[in-house]
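Novice: File follows, query.tsv with TSV, C-alpha atoms and all ligand atoms:
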```tsv
chain	number	residue	atom	x	y	z
A	841	MET	CA	81.14	120.51	101.34
A	842	GLU	CA	81.42	117.97	98.53
A	843	LYS	CA	82.61	114.55	99.62
A	844	THR	CA	86.05	113.50	98.31
A	845	THR	CA	86.56	110.06	96.84
A	846	PRO	CA	90.20	109.12	97.40
A	847	LYS	CA	92.22	107.59	94.59
A	848	LEU	CA	94.11	105.38	97.01
A	849	VAL	CA	93.31	104.07	100.49
A	850	ILE	CA	96.13	102.40	102.43
A	851	LEU	CA	95.11	100.29	105.41
A	852	PHE	CA	97.64	99.71	108.20
A	853	SER	CA	97.21	96.78	110.57
A	854	GLY	CA	99.36	95.19	113.25
A	855	LYS	CA	99.61	94.33	116.92
A	856	ARG	CA	99.73	97.01	119.62
A	857	LYS	CA	102.99	98.99	119.56
A	858	CYS	CA	104.06	97.52	116.21
A	859	GLY	CA	104.32	101.08	114.87
A	860	LYS	CA	101.10	101.72	112.94
A	861	ASP	CA	100.99	105.39	113.94
A	862	PHE	CA	104.74	105.84	113.54
A	863	LEU	CA	104.80	104.45	109.98
A	864	SER	CA	101.56	106.20	108.99
A	865	GLU	CA	103.11	109.53	110.01
A	866	ALA	CA	106.37	108.70	108.21
A	867	LEU	CA	104.47	107.84	105.01
A	868	LEU	CA	102.36	110.99	105.33
A	869	ASN	CA	105.53	113.09	105.65
A	870	LYS	CA	106.91	111.46	102.52
A	871	LEU	CA	103.72	111.92	100.50
A	872	GLY	CA	102.95	115.42	101.76
A	873	THR	CA	99.82	116.75	103.43
A	874	ASP	CA	98.62	118.39	100.21
A	875	ARG	CA	97.81	115.02	98.69
A	876	ALA	CA	97.62	112.61	101.64
A	877	GLN	CA	96.03	112.41	105.07
A	878	ILE	CA	95.69	109.97	107.94
A	879	ILE	CA	92.32	108.88	109.26
A	880	ARG	CA	91.72	106.71	112.32
A	881	ILE	CA	88.76	104.39	112.84
A	882	SER	CA	89.32	104.88	116.56
A	883	GLU	CA	88.81	108.66	116.28
A	884	PRO	CA	84.99	108.61	116.14
A	885	ILE	CA	84.98	105.92	118.84
A	886	LYS	CA	87.07	108.12	121.13
A	887	ARG	CA	85.01	111.20	120.29
A	888	HIS	CA	81.69	109.48	121.15
A	889	TRP	CA	83.25	108.00	124.28
A	890	ALA	CA	84.78	111.30	125.44
A	891	GLU	CA	81.53	113.20	124.89
A	892	SER	CA	79.34	110.69	126.68
A	893	MET	CA	81.74	110.20	129.60
A	894	GLY	CA	82.98	113.80	129.90
A	895	LEU	CA	86.60	112.82	129.15
A	896	ASP	CA	89.50	114.68	127.50
A	897	LEU	CA	89.43	113.78	123.78
A	898	ALA	CA	92.97	115.03	123.08
A	899	GLU	CA	94.33	112.78	125.82
A	900	LEU	CA	92.33	109.81	124.50
A	901	LEU	CA	93.73	110.41	121.01
A	902	SER	CA	97.33	110.62	122.17
A	903	ASP	CA	99.68	107.71	122.83
A	904	SER	CA	99.24	108.06	126.59
A	905	ALA	CA	98.51	106.14	129.78
A	906	TYR	CA	95.14	107.93	129.81
A	907	LYS	CA	94.20	106.21	126.52
A	908	GLU	CA	95.32	102.82	127.86
A	909	HIS	CA	93.17	103.33	130.96
A	910	TYR	CA	89.98	103.48	128.86
A	911	ARG	CA	91.00	101.12	126.06
A	912	LYS	CA	89.23	98.02	127.35
A	913	GLN	CA	85.96	99.84	128.04
A	914	MET	CA	86.07	101.50	124.62
A	915	ILE	CA	86.61	98.12	122.93
A	916	GLU	CA	83.58	96.63	124.68
A	917	TRP	CA	81.37	99.66	123.99
A	918	SER	CA	82.39	99.91	120.33
A	919	ASP	CA	81.93	96.15	119.78
A	920	ASP	CA	78.31	96.53	120.92
A	921	ARG	CA	77.79	99.29	118.35
A	922	ARG	CA	79.48	97.20	115.63
A	923	ARG	CA	77.14	94.29	116.24
A	924	GLU	CA	74.32	96.50	114.91
A	925	ASP	CA	76.36	98.04	112.06
A	926	TYR	CA	79.92	96.81	111.32
A	927	GLY	CA	80.74	99.94	109.31
A	928	VAL	CA	79.54	102.53	111.79
A	929	PHE	CA	82.97	103.85	112.83
A	930	CYS	CA	84.70	103.32	109.46
A	931	ARG	CA	81.93	105.37	107.80
A	932	SER	CA	82.26	108.13	110.33
A	933	ALA	CA	86.07	108.22	109.94
A	934	CYS	CA	85.65	108.38	106.14
A	935	SER	CA	83.48	111.49	106.40
A	936	THR	CA	86.69	113.46	107.02
A	937	ILE	CA	88.43	112.35	103.79
A	938	GLU	CA	89.57	115.32	101.69
A	939	ARG	CA	92.78	114.14	100.02
A	940	ASP	CA	93.64	111.81	97.09
A	941	ILE	CA	95.54	109.41	99.32
A	942	CYS	CA	94.01	108.26	102.57
A	943	ILE	CA	96.07	106.35	105.14
A	944	VAL	CA	93.96	104.44	107.68
A	945	SER	CA	96.31	103.86	110.59
A	946	ASP	CA	94.33	101.49	112.81
A	947	VAL	CA	92.60	98.66	110.96
A	948	ARG	CA	91.82	95.85	113.42
A	949	ARG	CA	89.01	93.71	112.06
A	950	LYS	CA	88.08	91.73	108.95
A	951	THR	CA	84.89	93.79	108.87
A	952	ASP	CA	87.03	96.97	108.65
A	953	ILE	CA	88.72	95.61	105.52
A	954	ARG	CA	85.33	94.50	104.18
A	955	PHE	CA	83.95	98.02	104.69
A	956	PHE	CA	86.82	99.67	102.77
A	957	LEU	CA	86.65	97.07	100.00
A	958	GLU	CA	82.91	97.57	99.60
A	959	THR	CA	83.20	101.36	99.78
A	960	PHE	CA	86.22	102.03	97.54
A	961	GLY	CA	86.76	98.76	95.60
A	962	PRO	CA	89.88	96.59	95.41
A	963	GLU	CA	91.58	98.76	92.76
A	964	ARG	CA	91.81	101.72	95.15
A	965	LEU	CA	92.73	99.70	98.21
A	966	ARG	CA	96.12	98.53	99.53
A	967	THR	CA	96.56	96.59	102.78
A	968	VAL	CA	99.70	96.60	104.91
A	969	ARG	CA	100.48	94.36	107.89
A	970	ILE	CA	103.22	95.61	110.19
A	971	GLU	CA	105.07	92.87	112.02
A	972	THR	CA	107.19	93.39	115.12
A	973	SER	CA	108.63	90.90	117.60
A	974	GLN	CA	107.16	90.75	121.07
A	975	ASP	CA	110.49	91.84	122.60
A	976	VAL	CA	110.56	95.02	120.54
A	977	ARG	CA	106.92	95.76	121.36
A	978	VAL	CA	107.75	95.34	125.05
A	979	SER	CA	110.65	97.77	124.64
A	980	ARG	CA	108.11	100.27	123.23
A	981	GLY	CA	105.91	99.95	126.32
A	982	TRP	CA	103.61	97.02	125.49
A	983	ARG	CA	102.60	94.50	128.10
A	984	PHE	CA	99.98	91.79	127.76
A	985	GLU	CA	96.56	92.73	129.08
A	986	SER	CA	93.70	90.30	129.28
A	987	GLY	CA	90.55	91.67	127.64
A	988	ILE	CA	92.68	93.74	125.22
A	989	ASP	CA	95.38	91.54	123.72
A	990	ASP	CA	93.32	88.35	123.61
A	991	VAL	CA	90.09	89.69	122.09
A	992	GLN	CA	88.81	90.26	118.56
A	993	SER	CA	90.09	93.83	118.22
A	994	GLU	CA	93.67	92.62	118.58
A	995	CYS	CA	93.49	89.11	117.08
A	996	ASP	CA	90.89	89.13	114.29
A	997	LEU	CA	93.42	89.87	111.54
A	998	ASP	CA	96.10	87.44	112.80
A	999	ASP	CA	94.92	84.84	110.28
A	1000	TYR	CA	94.20	87.24	107.41
A	1001	ASP	CA	96.57	86.34	104.59
A	1002	ARG	CA	95.80	88.65	101.68
A	1003	TRP	CA	98.02	91.60	102.65
A	1004	ASP	CA	99.47	93.57	99.74
A	1005	LEU	CA	102.56	94.22	101.84
A	1006	ARG	CA	104.02	92.73	105.01
A	1007	LEU	CA	106.48	95.06	106.67
A	1008	LEU	CA	108.89	94.13	109.42
A	1009	ASN	CA	109.32	97.06	111.84
A	1010	ASP	CA	111.67	95.44	114.28
A	1011	GLY	CA	114.00	98.07	115.64
A	1012	ASP	CA	117.00	97.53	113.41
A	1013	VAL	CA	115.11	97.97	110.12
A	1014	GLU	CA	115.84	101.38	108.56
A	1015	VAL	CA	112.77	103.63	108.35
A	1016	GLY	CA	113.93	104.73	104.87
A	1017	GLU	CA	113.93	101.09	103.74
A	1018	MET	CA	110.38	100.56	105.02
A	1019	LEU	CA	109.23	103.78	103.35
A	1020	LYS	CA	110.72	102.61	100.07
A	1021	ARG	CA	108.63	99.45	100.24
A	1022	LEU	CA	105.54	101.38	101.28
A	1023	TYR	CA	106.06	103.88	98.50
A	1024	SER	CA	106.18	101.04	95.97
A	1025	ILE	CA	102.48	100.34	96.56
A	1026	VAL	CA	101.73	104.02	95.97
A	1027	GLU	CA	103.87	104.14	92.83
A	1028	GLY	CA	101.73	101.35	91.41
A	1029	MET	CA	98.94	103.93	91.25
A	1030	GLY	CA	100.50	105.72	88.24
A	1031	SER	CA	99.16	109.28	88.04
A	1032	LEU	CA	99.19	109.68	91.79
A	1033	THR	CA	102.95	109.92	92.04
A	1101	LIG	N1	110.82	102.15	113.49
A	1101	LIG	C1	110.69	102.83	114.65
A	1101	LIG	N2	111.72	103.59	115.10
A	1101	LIG	C2	111.59	104.28	116.26
A	1101	LIG	N3	110.50	104.28	117.06
A	1101	LIG	C3	109.45	103.54	116.66
A	1101	LIG	C4	109.49	102.79	115.44
A	1101	LIG	N4	108.30	102.15	115.32
A	1101	LIG	C5	107.57	102.50	116.38
A	1101	LIG	N5	108.25	103.32	117.21
A	1101	LIG	C6	107.78	103.91	118.48
A	1101	LIG	O1	107.14	102.88	119.22
A	1101	LIG	C7	106.00	103.40	119.91
A	1101	LIG	C8	104.76	102.62	119.48
A	1101	LIG	O2	104.52	102.90	118.12
A	1101	LIG	P1	103.06	103.33	117.61
A	1101	LIG	O3	102.39	104.23	118.59
A	1101	LIG	O4	103.22	103.81	116.22
A	1101	LIG	O5	102.37	101.89	117.64
A	1101	LIG	P2	100.87	101.51	117.30
A	1101	LIG	O6	100.94	100.24	116.50
A	1101	LIG	O7	100.19	102.69	116.67
A	1101	LIG	O8	100.33	101.22	118.77
A	1101	LIG	P3	98.83	101.15	119.34
A	1101	LIG	O9	98.14	100.02	118.61
A	1101	LIG	O10	99.05	100.86	120.77
A	1101	LIG	O11	98.19	102.50	119.09
A	1101	LIG	C9	105.91	104.88	119.61
A	1101	LIG	O12	106.52	105.61	120.64
A	1101	LIG	C10	106.71	105.00	118.31
A	1101	LIG	O13	107.28	106.27	118.15
```
Go ahead and render the structure in this file as structure tokens.

Specialist:
Amino acid sequence: MEKTTPKLVILFSGKRKCGKDFLSEALLNKLGTDRAQIIRISEPIKRHWAESMGLDLAELLSDSAYKEHYRKQMIEWSDDRRREDYGVFCRSACSTIERDICIVSDVRRKTDIRFFLETFGPERLRTVRIETSQDVRVSRGWRFESGIDDVQSECDLDDYDRWDLRLLNDGDVEVGEMLKRLYSIVEGMGSLT
């Protein structure tokens, strides 16, 4: 099958339980699955991990306690792989691209952004940081865990300041309002809309 080069790649970043998956799905619904798709950098990580450990991939991919149970071990294992090749998981996730608009729902590292910039160029790339108060994240099930919330995978992009869009997803913000702002970075792509 011929590889698709997307016209637009939207990177979502933010702390755990800020709503990366929620807003990625909402944007996908708005754009339509005929022209957009979601990819996850964590998907190939979870697939490798599930295969080598004999675990349930569907459960690892879902927003479940099962996923949380293995999160720390997966971070440590994947960081070892990244030390040899920072793009290893991004590249693997990109092999499934088949739509004009690609939403990457789990960008966590500066090297992830670097990979997408180098691969698709700045003109095709848009970066979004989702911001949510700690109280709201707690209400969505987050609690601080050492080895997860205080390591590179969660903190590396805290000081990144070149986001195309910062979006507050703090409970009382209307989803329609957030989608309007998200859609504005798609509209900037002219023929795509
Ligand atoms: N604006 C919102 N309105 C209603 N529910 C929301 C909203 N944003 C997020 N949620 C809910 O909060 C929970 C956490 O959101 P989500 O799974 O999207 O976070 P995440 O950033 O992808 O988390 P993680 O990094 O842990 O995978 C989910 O149950 C989601 O449905």

Novice: Find the residue from A:Arg977, A:Arg1006, A:Lys950, A:Arg875 that sits nearest to ligand LIG 1101 (chain A); use all atoms listed in the file when measuring.

Specialist: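 Among the listed residues, the smallest separation from ligand LIG 1101 (chain A) belongs to A:Arg977.
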
Novice: Provide the atom O7 of ligand LIG 1101 (chain A) to CA of Lys857 (chain A) distance in Å, to one decimal place.

Specialist: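 Here the two named atoms are 5.5 Å from each other.
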
Novice: Could you jot down the CA of Gly854 (chain A) to CA of Ser892 (chain A) separation for me, Å, one decimal place?

Specialist: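 Spanning CA of Gly854 (chain A) to CA of Ser892 (chain A) is a straight-line distance of 28.7 Å.
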
Novice: Would you mind telling me which residue in A:Asp990, A:Ser973, A:Asp874, A:Tyr1000 lies nearest to Arg954 (chain A) when using all atoms listed in the file?

Specialist: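 That would be A:Tyr1000, the residue with the smallest distance to Arg954 (chain A).
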
Novice: Report as a CSV table (one decimal) with C-alpha atoms, in the coordinates of the input which protein, DNA and RNA residues come within 7 Å of ligand LIG 1101 (chain A), using only C-alpha atoms and all ligand atoms.

Specialist:
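Dumped everything to out.csv:
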```
chain,number,residue,atom,x,y,z
A,854,GLY,CA,99.4,95.2,113.2
A,855,LYS,CA,99.6,94.3,116.9
A,856,ARG,CA,99.7,97.0,119.6
A,857,LYS,CA,103.0,99.0,119.6
A,858,CYS,CA,104.1,97.5,116.2
A,859,GLY,CA,104.3,101.1,114.9
A,860,LYS,CA,101.1,101.7,112.9
A,861,ASP,CA,101.0,105.4,113.9
A,862,PHE,CA,104.7,105.8,113.5
A,863,LEU,CA,104.8,104.4,110.0
A,903,ASP,CA,99.7,107.7,122.8
A,980,ARG,CA,108.1,100.3,123.2
A,1009,ASN,CA,109.3,97.1,111.8
A,1010,ASP,CA,111.7,95.4,114.3
A,1011,GLY,CA,114.0,98.1,115.6
A,1013,VAL,CA,115.1,98.0,110.1
A,1015,VAL,CA,112.8,103.6,108.4
```

Novice: How about completing region 916-944 of chain A with N, CA and C atoms and giving it to me as a PDB file, keeping the file's coordinate frame?

Specialist:
```
ATOM      1  N   GLU A 916      84.859  97.306 124.388  1.00  0.00           N
ATOM      2  CA  GLU A 916      83.580  96.630 124.680  1.00  0.00           C
ATOM      3  C   GLU A 916      82.398  97.460 124.185  1.00  0.00           C
ATOM      4  N   TRP A 917      82.449  98.772 124.432  1.00  0.00           N
ATOM      5  CA  TRP A 917      81.370  99.660 123.990  1.00  0.00           C
ATOM      6  C   TRP A 917      81.280  99.678 122.458  1.00  0.00           C
ATOM      7  N   SER A 918      82.424  99.798 121.788  1.00  0.00           N
ATOM      8  CA  SER A 918      82.390  99.910 120.330  1.00  0.00           C
ATOM      9  C   SER A 918      81.992  98.574 119.689  1.00  0.00           C
ATOM     10  N   ASP A 919      82.349  97.457 120.317  1.00  0.00           N
ATOM     11  CA  ASP A 919      81.930  96.150 119.780  1.00  0.00           C
ATOM     12  C   ASP A 919      80.405  96.019 119.818  1.00  0.00           C
ATOM     13  N   ASP A 920      79.781  96.545 120.851  1.00  0.00           N
ATOM     14  CA  ASP A 920      78.310  96.530 120.920  1.00  0.00           C
ATOM     15  C   ASP A 920      77.714  97.302 119.757  1.00  0.00           C
ATOM     16  N   ARG A 921      78.296  98.483 119.476  1.00  0.00           N
ATOM     17  CA  ARG A 921      77.790  99.290 118.350  1.00  0.00           C
ATOM     18  C   ARG A 921      78.013  98.580 117.011  1.00  0.00           C
ATOM     19  N   ARG A 922      79.169  97.895 116.887  1.00  0.00           N
ATOM     20  CA  ARG A 922      79.480  97.200 115.630  1.00  0.00           C
ATOM     21  C   ARG A 922      78.547  96.030 115.360  1.00  0.00           C
ATOM     22  N   ARG A 923      78.049  95.425 116.421  1.00  0.00           N
ATOM     23  CA  ARG A 923      77.140  94.290 116.240  1.00  0.00           C
ATOM     24  C   ARG A 923      75.886  94.728 115.469  1.00  0.00           C
ATOM     25  N   GLU A 924      75.489  95.982 115.642  1.00  0.00           N
ATOM     26  CA  GLU A 924      74.320  96.500 114.910  1.00  0.00           C
ATOM     27  C   GLU A 924      74.709  96.950 113.501  1.00  0.00           C
ATOM     28  N   ASP A 925      75.938  97.448 113.338  1.00  0.00           N
ATOM     29  CA  ASP A 925      76.360  98.040 112.060  1.00  0.00           C
ATOM     30  C   ASP A 925      77.892  97.984 112.012  1.00  0.00           C
ATOM     31  N   TYR A 926      78.450  96.999 111.265  1.00  0.00           N
ATOM     32  CA  TYR A 926      79.920  96.810 111.320  1.00  0.00           C
ATOM     33  C   TYR A 926      80.695  97.994 110.758  1.00  0.00           C
ATOM     34  N   GLY A 927      80.012  98.833 109.944  1.00  0.00           N
ATOM     35  CA  GLY A 927      80.740  99.940 109.310  1.00  0.00           C
ATOM     36  C   GLY A 927      80.570 101.274 110.024  1.00  0.00           C
ATOM     37  N   VAL A 928      79.920 101.253 111.177  1.00  0.00           N
ATOM     38  CA  VAL A 928      79.540 102.530 111.790  1.00  0.00           C
ATOM     39  C   VAL A 928      80.730 103.472 112.019  1.00  0.00           C
ATOM     40  N   PHE A 929      81.831 102.964 112.516  1.00  0.00           N
ATOM     41  CA  PHE A 929      82.970 103.850 112.830  1.00  0.00           C
ATOM     42  C   PHE A 929      83.826 104.114 111.585  1.00  0.00           C
ATOM     43  N   CYS A 930      83.951 103.103 110.713  1.00  0.00           N
ATOM     44  CA  CYS A 930      84.700 103.320 109.460  1.00  0.00           C
ATOM     45  C   CYS A 930      84.015 104.423 108.656  1.00  0.00           C
ATOM     46  N   ARG A 931      82.685 104.376 108.574  1.00  0.00           N
ATOM     47  CA  ARG A 931      81.930 105.370 107.800  1.00  0.00           C
ATOM     48  C   ARG A 931      82.143 106.767 108.377  1.00  0.00           C
ATOM     49  N   SER A 932      82.084 106.833 109.683  1.00  0.00           N
ATOM     50  CA  SER A 932      82.260 108.130 110.330  1.00  0.00           C
ATOM     51  C   SER A 932      83.679 108.665 110.086  1.00  0.00           C
ATOM     52  N   ALA A 933      84.682 107.787 110.192  1.00  0.00           N
ATOM     53  CA  ALA A 933      86.070 108.220 109.940  1.00  0.00           C
ATOM     54  C   ALA A 933      86.214 108.698 108.486  1.00  0.00           C
ATOM     55  N   CYS A 934      85.539 108.026 107.559  1.00  0.00           N
ATOM     56  CA  CYS A 934      85.650 108.380 106.140  1.00  0.00           C
ATOM     57  C   CYS A 934      85.012 109.731 105.807  1.00  0.00           C
ATOM     58  N   SER A 935      84.146 110.209 106.680  1.00  0.00           N
ATOM     59  CA  SER A 935      83.480 111.490 106.400  1.00  0.00           C
ATOM     60  C   SER A 935      84.487 112.642 106.437  1.00  0.00           C
ATOM     61  N   THR A 936      85.688 112.394 106.947  1.00  0.00           N
ATOM     62  CA  THR A 936      86.690 113.460 107.020  1.00  0.00           C
ATOM     63  C   THR A 936      87.708 113.389 105.861  1.00  0.00           C
ATOM     64  N   ILE A 937      87.461 112.488 104.898  1.00  0.00           N
ATOM     65  CA  ILE A 937      88.430 112.350 103.790  1.00  0.00           C
ATOM     66  C   ILE A 937      88.342 113.562 102.856  1.00  0.00           C
ATOM     67  N   GLU A 938      89.521 114.150 102.591  1.00  0.00           N
ATOM     68  CA  GLU A 938      89.570 115.320 101.690  1.00  0.00           C
ATOM     69  C   GLU A 938      90.847 115.349 100.850  1.00  0.00           C
ATOM     70  N   ARG A 939      91.550 114.207 100.806  1.00  0.00           N
ATOM     71  CA  ARG A 939      92.780 114.140 100.020  1.00  0.00           C
ATOM     72  C   ARG A 939      92.714 112.933  99.074  1.00  0.00           C
ATOM     73  N   ASP A 940      93.614 112.914  98.060  1.00  0.00           N
ATOM     74  CA  ASP A 940      93.640 111.810  97.090  1.00  0.00           C
ATOM     75  C   ASP A 940      94.094 110.501  97.712  1.00  0.00           C
ATOM     76  N   ILE A 941      95.009 110.618  98.687  1.00  0.00           N
ATOM     77  CA  ILE A 941      95.540 109.410  99.320  1.00  0.00           C
ATOM     78  C   ILE A 941      95.138 109.415 100.785  1.00  0.00           C
ATOM     79  N   CYS A 942      94.487 108.351 101.187  1.00  0.00           N
ATOM     80  CA  CYS A 942      94.010 108.260 102.570  1.00  0.00           C
ATOM     81  C   CYS A 942      94.704 107.087 103.270  1.00  0.00           C
ATOM     82  N   ILE A 943      95.386 107.391 104.353  1.00  0.00           N
ATOM     83  CA  ILE A 943      96.070 106.350 105.140  1.00  0.00           C
ATOM     84  C   ILE A 943      95.194 106.065 106.362  1.00  0.00           C
ATOM     85  N   VAL A 944      94.769 104.812 106.506  1.00  0.00           N
ATOM     86  CA  VAL A 944      93.960 104.440 107.680  1.00  0.00           C
ATOM     87  C   VAL A 944      94.904 103.721 108.638  1.00  0.00           C
TER      88      VAL A 944
END
```
